[in-house]
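Below is the file work_13.pdb, which contains PDB, C-alpha atoms.
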```
ATOM      1  CA  MET I  18     -61.944 -58.853-161.610
ATOM      2  CA  ILE I  19     -64.884 -61.198-162.007
ATOM      3  CA  LYS I  20     -68.249 -60.188-160.589
ATOM      4  CA  ARG I  21     -71.103 -62.502-159.809
ATOM      5  CA  ARG I  22     -74.329 -61.915-161.636
ATOM      6  CA  THR I  23     -76.515 -63.099-158.748
ATOM      7  CA  LYS I  24     -76.234 -61.850-155.257
ATOM      8  CA  THR I  25     -76.415 -64.254-152.349
ATOM      9  CA  ILE I  26     -79.193 -63.510-149.920
ATOM     10  CA  GLY I  27     -78.533 -64.259-146.245
ATOM     11  CA  VAL I  28     -82.092 -65.293-145.332
ATOM     12  CA  PHE I  29     -82.959 -68.558-143.599
ATOM     13  CA  SER I  30     -86.220 -70.183-144.707
ATOM     14  CA  MET I  31     -88.287 -71.543-141.815
ATOM     15  CA  SER I  32     -90.950 -73.205-143.967
ATOM     16  CA  SER I  33     -89.334 -76.645-143.951
ATOM     17  CA  MET I  34     -88.779 -76.437-140.180
ATOM     18  CA  THR I  35     -92.441 -75.587-139.548
ATOM     19  CA  ASP I  36     -93.521 -78.482-141.773
ATOM     20  CA  ILE I  37     -91.516 -80.897-139.644
ATOM     21  CA  ILE I  38     -92.905 -79.433-136.427
ATOM     22  CA  PHE I  39     -96.487 -79.754-137.664
ATOM     23  CA  LEU I  40     -95.898 -83.342-138.760
ATOM     24  CA  LEU I  41     -94.499 -84.179-135.327
ATOM     25  CA  LEU I  42     -97.437 -82.448-133.655
ATOM     26  CA  ILE I  43     -99.938 -84.449-135.697
ATOM     27  CA  PHE I  44     -98.041 -87.680-134.991
ATOM     28  CA  PHE I  45     -98.053 -87.115-131.221
ATOM     29  CA  MET I  46    -101.699 -86.085-131.200
ATOM     30  CA  LEU I  47    -102.725 -89.254-133.024
ATOM     31  CA  THR I  48    -100.587 -91.615-130.971
ATOM     32  CA  SER I  49    -101.671 -90.082-127.666
ATOM     33  CA  THR I  50    -105.305 -90.931-128.438
ATOM     34  CA  ILE I  51    -104.373 -94.558-129.101
ATOM     35  CA  VAL I  52    -102.799 -95.041-125.683
ATOM     36  CA  VAL I  53    -105.487 -95.628-123.054
ATOM     37  CA  PRO I  54    -103.926 -95.264-119.638
ATOM     38  CA  ASN I  55    -105.662 -96.625-116.586
ATOM     39  CA  ALA I  56    -106.110 -93.209-115.022
ATOM     40  CA  ILE I  57    -108.590 -94.284-112.383
ATOM     41  CA  LYS I  58    -106.803 -94.659-109.068
ATOM     42  CA  VAL I  59    -108.226 -97.548-107.050
ATOM     43  CA  ASN I  60    -106.625 -99.120-103.997
ATOM     44  CA  LEU I  61    -107.395-102.805-104.604
ATOM     45  CA  PRO I  62    -107.285-105.409-101.858
ATOM     46  CA  GLN I  63    -104.384-107.824-102.061
ATOM     47  CA  GLY I  64    -104.967-111.362-103.353
ATOM     48  CA  LYS I  65    -102.989-114.584-103.167
ATOM     49  CA  GLU I  66    -102.910-115.419-106.879
ATOM     50  CA  ARG I  67    -102.596-113.512-110.124
ATOM     51  CA  ALA I  68    -105.288-113.774-112.826
ATOM     52  CA  HIS I  69    -104.212-115.657-115.924
ATOM     53  CA  THR I  70    -106.460-113.892-118.436
ATOM     54  CA  GLN I  71    -107.321-110.281-119.116
ATOM     55  CA  PRO I  72    -110.981-109.243-118.764
ATOM     56  CA  MET I  73    -112.867-107.881-121.756
ATOM     57  CA  ALA I  74    -114.795-105.367-119.655
ATOM     58  CA  ARG I  75    -114.217-103.499-116.404
ATOM     59  CA  ILE I  76    -116.348-101.829-113.805
ATOM     60  CA  THR I  77    -114.412 -99.658-111.375
ATOM     61  CA  ILE I  78    -115.764 -98.268-108.107
ATOM     62  CA  GLN I  79    -113.647 -95.543-106.560
ATOM     63  CA  LYS I  80    -113.434 -94.617-102.893
ATOM     64  CA  ASP I  81    -116.011 -91.822-103.359
ATOM     65  CA  LEU I  82    -118.463 -94.372-104.914
ATOM     66  CA  THR I  83    -117.942 -93.088-108.460
ATOM     67  CA  TYR I  84    -118.562 -95.813-111.036
ATOM     68  CA  TYR I  85    -116.576 -96.198-114.265
ATOM     69  CA  ALA I  86    -117.034 -98.663-117.117
ATOM     70  CA  GLN I  87    -114.745 -99.791-119.927
ATOM     71  CA  TRP I  88    -115.182-102.317-122.726
ATOM     72  CA  GLY I  89    -111.948-103.664-124.232
ATOM     73  CA  LYS I  90    -109.649-100.817-125.202
ATOM     74  CA  GLU I  91    -112.414 -98.247-125.490
ATOM     75  CA  GLU I  92    -112.231 -95.060-123.473
ATOM     76  CA  VAL I  93    -113.177 -95.263-119.806
ATOM     77  CA  ARG I  94    -116.523 -93.627-119.152
ATOM     78  CA  GLN I  95    -118.233 -92.592-115.944
ATOM     79  CA  ILE I  96    -121.589 -94.242-115.268
ATOM     80  CA  ASP I  97    -124.213 -94.010-112.556
ATOM     81  CA  GLU I  98    -124.966 -96.887-110.218
ATOM     82  CA  SER I  99    -128.262 -97.337-112.074
ATOM     83  CA  GLU I 100    -126.419 -97.833-115.397
ATOM     84  CA  VAL I 101    -124.402-100.867-114.235
ATOM     85  CA  ALA I 102    -127.069-103.366-115.349
ATOM     86  CA  ALA I 103    -127.321-101.726-118.785
ATOM     87  CA  PHE I 104    -123.531-101.793-119.188
ATOM     88  CA  LEU I 105    -123.387-105.490-118.266
ATOM     89  CA  ALA I 106    -126.199-106.258-120.733
ATOM     90  CA  GLU I 107    -124.320-104.328-123.431
ATOM     91  CA  CYS I 108    -121.170-106.338-122.711
ATOM     92  CA  SER I 109    -123.069-109.625-122.814
ATOM     93  CA  ALA I 110    -124.606-108.666-126.151
ATOM     94  CA  LYS I 111    -121.133-108.052-127.589
ATOM     95  CA  ASP I 112    -119.718-111.340-126.296
ATOM     96  CA  ALA I 113    -121.782-113.855-124.313
ATOM     97  CA  GLU I 114    -118.672-115.739-123.092
ATOM     98  CA  MET I 115    -116.787-112.720-121.812
ATOM     99  CA  PHE I 116    -116.317-111.879-118.165
ATOM    100  CA  VAL I 117    -116.310-108.538-116.392
ATOM    101  CA  ALA I 118    -113.689-107.580-113.826
ATOM    102  CA  LEU I 119    -114.862-105.561-110.848
ATOM    103  CA  TYR I 120    -112.203-103.161-109.577
ATOM    104  CA  ALA I 121    -113.483-101.967-106.203
ATOM    105  CA  ASP I 122    -111.470 -99.820-103.818
ATOM    106  CA  GLU I 123    -110.788-101.686-100.587
ATOM    107  CA  ASP I 124    -112.237 -98.821 -98.524
ATOM    108  CA  ILE I 125    -115.736 -98.803-100.059
ATOM    109  CA  PRO I 126    -118.597-100.477 -98.198
ATOM    110  CA  TYR I 127    -118.944-104.156 -98.979
ATOM    111  CA  SER I 128    -122.597-103.589 -99.872
ATOM    112  CA  GLU I 129    -121.538-101.670-103.016
ATOM    113  CA  VAL I 130    -119.587-104.676-104.262
ATOM    114  CA  VAL I 131    -122.494-106.979-103.463
ATOM    115  CA  LYS I 132    -124.908-104.765-105.458
ATOM    116  CA  VAL I 133    -122.842-105.194-108.623
ATOM    117  CA  LEU I 134    -122.290-108.904-107.996
ATOM    118  CA  ASN I 135    -126.044-109.398-107.500
ATOM    119  CA  ILE I 136    -126.799-107.712-110.830
ATOM    120  CA  ALA I 137    -124.296-110.009-112.528
ATOM    121  CA  ASN I 138    -125.610-113.103-110.744
ATOM    122  CA  GLU I 139    -129.276-112.365-111.562
ATOM    123  CA  ASN I 140    -128.458-112.045-115.258
ATOM    124  CA  LYS I 141    -125.940-114.939-115.367
ATOM    125  CA  TYR I 142    -122.982-112.692-116.292
ATOM    126  CA  LYS I 143    -119.484-113.894-115.505
ATOM    127  CA  MET I 144    -117.754-111.551-113.084
ATOM    128  CA  VAL I 145    -114.460-111.622-111.207
ATOM    129  CA  LEU I 146    -113.136-109.416-108.430
ATOM    130  CA  ALA I 147    -109.834-107.723-109.194
ATOM    131  CA  THR I 148    -107.136-107.675-106.524
ATOM    132  CA  ARG I 149    -103.563-106.457-106.256
ATOM    133  CA  PRO I 150    -100.968-109.041-107.224
ATOM    134  CA  PRO I 151     -99.247-110.766-104.304
ATOM    135  CA  LYS I 152     -96.043-109.268-103.021
ATOM    136  CA  SER I 153     -92.999-111.159-104.252
ATOM    137  CA  ASN I 154     -90.579-112.321-101.575
TER     138      ASN I 154
END
```

Full structure transcribed into structure tokens:
Amino acid sequence: MIKRRTKTIGVFSMSSMTDIIFLLLIFFMLTSTIVVPNAIKVNLPQGKERAHTQPMARITIQKDLTYYAQWGKEEVRQIDESEVAAFLAECSAKDAEMFVALYADEDIPYSEVVKVLNIANENKYKMVLATRPPKSN
């Protein structure tokens, strides 16, 4: 009868499994910060045509008159009404030929839209009003 010199141990090592889980966790944490969803819900008025270019900067006015600003793919930040002019100046300093899209909820008073448009007009900034795309037939 032949005996083995080493005994087999029936233990499962979890260290490699935890390494994989931590690598996946780090991967998902990094990739989730890269994706910038448009989390601000705004009910835009409907337009007849679709814009052909994407704006470099956005100002969003929600139904409760909360203002948000975003430059390029940077994170969306909440601003006060008084900070709109400073944000537009900052955008113009980054790129003088860029234009800003104004995303205004269709239920806000028209005077709020005019305030932002007046700031842009006084400082010669290019601004467009964002609308919903037309319904396809």

- Run through the PyMOL selection byres ((chain I and resi 118) around 12) on the given coordinates and return the selected residues as JSON, numbers by chain. {"I": [68, 70, 71, 72, 73, 74, 75, 76, 77, 78, 85, 86, 87, 88, 89, 105, 108, 115, 116, 117, 119, 120, 121, 130, 133, 134, 137, 142, 143, 144, 145, 146, 147, 148]}

- Task: Pull out every residue that the PyMOL selection byres ((chain I and resi 81) around 10) matches in the shown coordinates and put them as JSON, numbers by chain.
- Result: {"I": [78, 79, 80, 82, 83, 84, 122, 124, 125]}

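Atom CA of I:Asn138 to atom CA of I:Asp112 spans 16.7 Å [interatomic distance, one decimal].
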
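Picture a line from atom CA of I:Ala103 to atom CA of I:Ser128; it runs 19.6 Å.
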
- Provide the atom CA of I:Val101 to atom CA of I:Val131 distance in Å, to one decimal place. 12.5 Å
